[in-house]
Structures are given as structure tokens and as C-alpha cells.
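Have a look at the structure below before the remarks.
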Amino acid sequence: MTLDVDDRLRALLRVACEDALFAVAASSPAALSAFGERRAPVHEAIAREGLGHAVMIADGDAWLGPLVRTLVVDEVPWFLPMREAIDDGLTLLREPRGFRALIPVGVDALRARLRREAMLAVRVARTVAAADAPLGDDETRALDLLAFALGLADDDARVLRAEAPIPAAAIDVPDDLDARTARAIVGGAFQVAASDGLDEREREAITTIAGRLGLDAEAVSEIASRATSDLDRQHRVGRALVDVVRYVVAGAPVEEARALITAAVFLTIPPVHRADALRAASDEATTPLAESHELDRAECDRVLAAGWACALSLDSSFAGRAVLRARHRRAGTHLAAERRAEDARALVERWVDEVLDRGTAVLGA
């Protein structure tokens, strides 16, 4: 192969590993297959042209948006507010399914209804996020990603971004909003509020909105409890994932390791805990595998697959990979999941190989 072709495939390897980290950390290893198919045009363009205008982990928020929009067609990233509503079909990026496919209206009318409900979801999220203080960077990012995931047109997203938060009592509720979607939107509101620590003013705003959507106090209490529980579970998994990534990438060039660890934190740790997580991750005196983690099988698979995606992005040589594999194996032992670590490596490598095979086919190599 010529040096140019070799360089392009190395660039594709890096993008494939970053894509794998995103899909696994934001959802699960099971998301990789469909995600890879939808990312194929991007991967093929990189094989033809090199990195060019490719958006990478180092680009921060600009990296997240397109990946969220791609993943959400099949899987909803855990960090999106309103994820239950989106999973139930509240997005213009999916064909109607489930109960929405049964709504007796034409396609255009259904899309118009989805657009109204999607804009309501963003307005509710913004109102709740701003109830205790002006929007911070994490909240602004979450709202932008929510608009991406809902499939709103750029013009609609710009309008919503420019709007001031609407008072909870003044939010316009569509007459045809069904109870199932109303409940999911209130759940999303609690996800927004709990992500940076539930404030009483946020709770009051949600209670007002829930009343306007027809939910009683018992339903609101149940939804709030579930949202808090989900966030606690994600924090638990995120801590384990960041620890494994830190351990596996130790010894890598500082800037590369820092970028991967920071991405792992932002992809898996709720905003309310991120500052502590970033502080711990930057403390070289702490040992990444000092803490024990209780994970179920699916959570363990997610943690180990994300760790190996990071490892593969660092060194494609056989010798380098052997060292990284040994560290990943020890991480699996720490989690009492040696066999699952082996399976996670095989799964991620298979997926990355498929991406590279498509690249070599494009290049005729």
C-alpha cells in the first residue's frame, strides 16, 4: 500500500474507535451493528479523502451532535433528556412505530403532530432547566442534543434556542397530546432537573407542568423516583467505565489519554457528578482500579467494550496491542469478568475490522 492509503486507513481506524466508544458508552455494545451501517457513508468518505473535515473527539460538542442524530434512529443515548418519549417514537428521525403507528391520521398530519410535541418537549426541558438559575453549559448542550435527537428542522431548533424560557404555567399544551406522551415528557423534565441536582424550584415547575398535562401528584412522585434511580444507576456504571478507561490508557501520550478519559466522563457521568469525576481522573496519585464496582452482565459488557474501543484507538501495532490487551485483561479480572473482557475485545475488534474492510474496498486495496 502507498503511504497515502496507509494514512487514510489509520485515520479511519481512529474514527472507528471513537465511534465505537460513543455508541457503547452512550447506549450498549448491541448498538454497534446498526450504528456502523448508518455511519458507513462517513467511514467511506474518510477512506477516500482522509480525515479532511471529519469531526473527532477533540472537537467536543461538534462531535456529539451528528453522532447523537445517527444513533437515535435505533437507540436513545442515556444522557438525552426525554429519552423515554423518544424511545416511544417522539422523534422525526424514525418511522412511526408502536402506538404512534396506530394513530389514524395521514403521514403529513402525524409528522405535524410529532413536530408540535417535539417542540413542547424542548420548551418543557428549557423551562425546567432555567427554573433555578440561568442555563449553564451542560444544560445548553443537553437542549441542543435534544433538538438533534427529536429531528427538528434547523429553523425550528434556531427558534427554540433563541426563545426565553416560558413560565411553567404559560406553556402551550397541544389539545391532542395523549397521556402516554405527557407522562414521558414529565419524566424527561425530571431527568433534566436531576442531572445537575434536583432543586425545589425545578420540582415546582415540573409539578405545575404535570398538572397542565393531566398528571396527579402520585404519578409525579413515581416518575420523579424513577428518574432519580436511573441517574444513580448511570453514575454507578459511569464510574466503573471511567476507571477502566483510565487504567487501560495509562502510559499513552498524555494528550491522547486525556481526550479519551474526558470523553468517557462526558459520555457516562451525569453533569452533577462530572466535576468530581474529572478531578479524580486528573489525579495521577489515585489508582483507577482501587474502587470495586457492582455491575450486572450488560453493564459489565458496556464498560469493558468502551475500554477496549479506547485502547484500539491508541496503538495499531501488534506489540502495542499486546500491552493494551494485558491491561484490559487485568481490568476484566478486577471486575470478576475475565471471559466477558475477552468477549468485549472480540466484539469491538470485529466491528472495527468491518469498518476497515469497507475502507479497503473503497480504496481498492
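Going by the C-alpha cells order, chains are called A, B, ..., each with residues numbered from 1, while ligands are numbered from 1 in the order shown.
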Name all residues at most 12 Å from Gly307 of chain A (count only C-alpha atoms; drop same-chain ones fewer than 2 positions away) and give them as a ChimeraX atom specification.
/A:17-18,20-22,24-25,29,238,240-250,257,260-261,263-264,300-305,309-314,324-325,327-332,341-342,344-345,348
Selected residues written out, C-alpha atoms, as a short mmCIF file (atom, residue, chain, number, x, y, z; two decimals), in the first residue's frame:
```cif
data_model
loop_
_atom_site.label_atom_id
_atom_site.label_comp_id
_atom_site.auth_asym_id
_atom_site.auth_seq_id
_atom_site.Cartn_x
_atom_site.Cartn_y
_atom_site.Cartn_z
CA CYS A 17 -12.66 3.50 17.57
CA GLU A 18 -14.10 6.87 18.60
CA ALA A 20 -17.35 2.60 18.95
CA LEU A 21 -16.63 4.41 22.22
CA PHE A 22 -19.57 6.75 21.60
CA VAL A 24 -21.12 1.72 23.54
CA ALA A 25 -20.82 4.39 26.24
CA PRO A 29 -22.44 -2.86 22.60
CA GLY A 238 -20.09 5.62 34.55
CA ALA A 240 -16.71 1.92 36.52
CA LEU A 241 -16.33 2.79 32.85
CA VAL A 242 -14.11 5.79 33.51
CA ASP A 243 -11.94 3.74 35.88
CA VAL A 244 -11.43 1.06 33.23
CA VAL A 245 -10.63 3.62 30.53
CA ARG A 246 -8.15 5.38 32.84
CA TYR A 247 -6.41 2.11 33.60
CA VAL A 248 -6.25 0.85 30.02
CA VAL A 249 -4.92 4.11 28.53
CA ALA A 250 -2.34 4.72 31.27
CA ALA A 257 -5.16 9.71 27.09
CA LEU A 260 -10.29 9.71 25.79
CA ILE A 261 -10.78 9.97 29.55
CA ALA A 263 -14.85 11.87 26.52
CA ALA A 264 -15.62 8.87 28.74
CA CYS A 300 -20.06 -5.01 32.58
CA ASP A 301 -20.14 -5.61 28.81
CA ARG A 302 -20.68 -1.91 28.22
CA VAL A 303 -17.79 -0.91 30.48
CA LEU A 304 -15.33 -3.40 29.01
CA ALA A 305 -16.27 -2.74 25.38
CA ALA A 309 -12.51 0.83 21.96
CA CYS A 310 -10.27 3.41 23.65
CA ALA A 311 -7.33 1.01 23.66
CA LEU A 312 -7.61 0.24 19.95
CA SER A 313 -7.51 3.93 19.09
CA LEU A 314 -4.06 4.27 20.69
CA LEU A 324 -3.06 -2.85 25.95
CA ARG A 325 -4.71 -6.27 25.89
CA ARG A 327 -4.11 -4.12 30.82
CA HIS A 328 -7.65 -4.71 29.58
CA ARG A 329 -7.47 -8.32 30.77
CA ARG A 330 -6.47 -7.12 34.24
CA ALA A 331 -9.40 -4.68 34.21
CA GLY A 332 -11.68 -7.62 33.44
CA ALA A 341 -13.49 -8.93 28.80
CA GLU A 342 -12.35 -11.38 26.13
CA ALA A 344 -15.84 -7.48 24.63
CA ARG A 345 -12.47 -7.31 22.87
CA VAL A 348 -15.19 -4.38 19.26
#
```
Give me the residues near segment 125-130 of chain A as a ChimeraX atom specification, where near means some atom within 10 Å (using only C-alpha atoms) and where sequence neighbours in that chain fewer than 4 positions away do not count.
/A:81-82,119-121,134-136,139-140,142-143,146,160-161,163-168,171,185-186,188-196,198-199,201-206,209
Straight-line distance linking atom CA of Asp176 of chain A with atom CA of Trp78 of chain A, stated in Å to one decimal:
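Computed distance, atom CA of Asp176 of chain A to atom CA of Trp78 of chain A, equals 27.8 Å.
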Which residue is closest to Val15 of chain A? Choose from A:Val173, A:Asp156, A:Val355, A:Gly364 and count only C-alpha atoms.
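When distances to Val15 of chain A are compared using only C-alpha atoms, the smallest one comes from A:Val355.
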Nearest to Ala16 of chain A, chosen from A:Val362, A:Trp351, A:Ala31, A:Ala277, with only C-alpha atoms counted in the distances
A:Trp351
Run DSSP on the backbone and grab whatever in segment 203-348 of chain A lands in helix (DSSP H, G or I); send it over as number ranges by chain.
A: 203-212, 217-249, 254-268, 271-281, 297-312, 318-334, 338-348
Which residues are close to Ala182 of chain A, i.e. within 9 Å by only C-alpha atoms, leaving aside same-chain residues fewer than 2 positions away? Reply as a ChimeraX atom specification.
/A:85,177-180,184-187,210,213-215
For Leu93 of chain A, find every residue with an atom within 10 Å (counting only C-alpha atoms), except residues of its own chain fewer than 5 positions away, and show them as a list in words.
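So, after excluding close chain neighbours, the residues are Arg69, Thr70, Val72, Val73, Asp74, Ile86, Phe148, Ala149, Leu150, Gly151 and Leu152 of chain A.
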Pick out the closest residue to Arg141 of chain A from this set: A:Ala217, A:Ala62, A:Ala26, A:Ala162. Count only C-alpha atoms.
A:Ala62
Nearest to Gln234 of chain A among A:Asp132, A:Gly359, A:Ala118, A:Ser27, with distances taken over only C-alpha atoms: which residue is it?
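Between A:Asp132, A:Gly359, A:Ala118, A:Ser27, the residue approaching Gln234 of chain A most closely is A:Ser27.
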Looking at only C-alpha atoms, which of A:Leu71, A:Ala275, A:Ala23, A:Ile46 is the one that sits closest to Thr262 of chain A?
A:Ala275
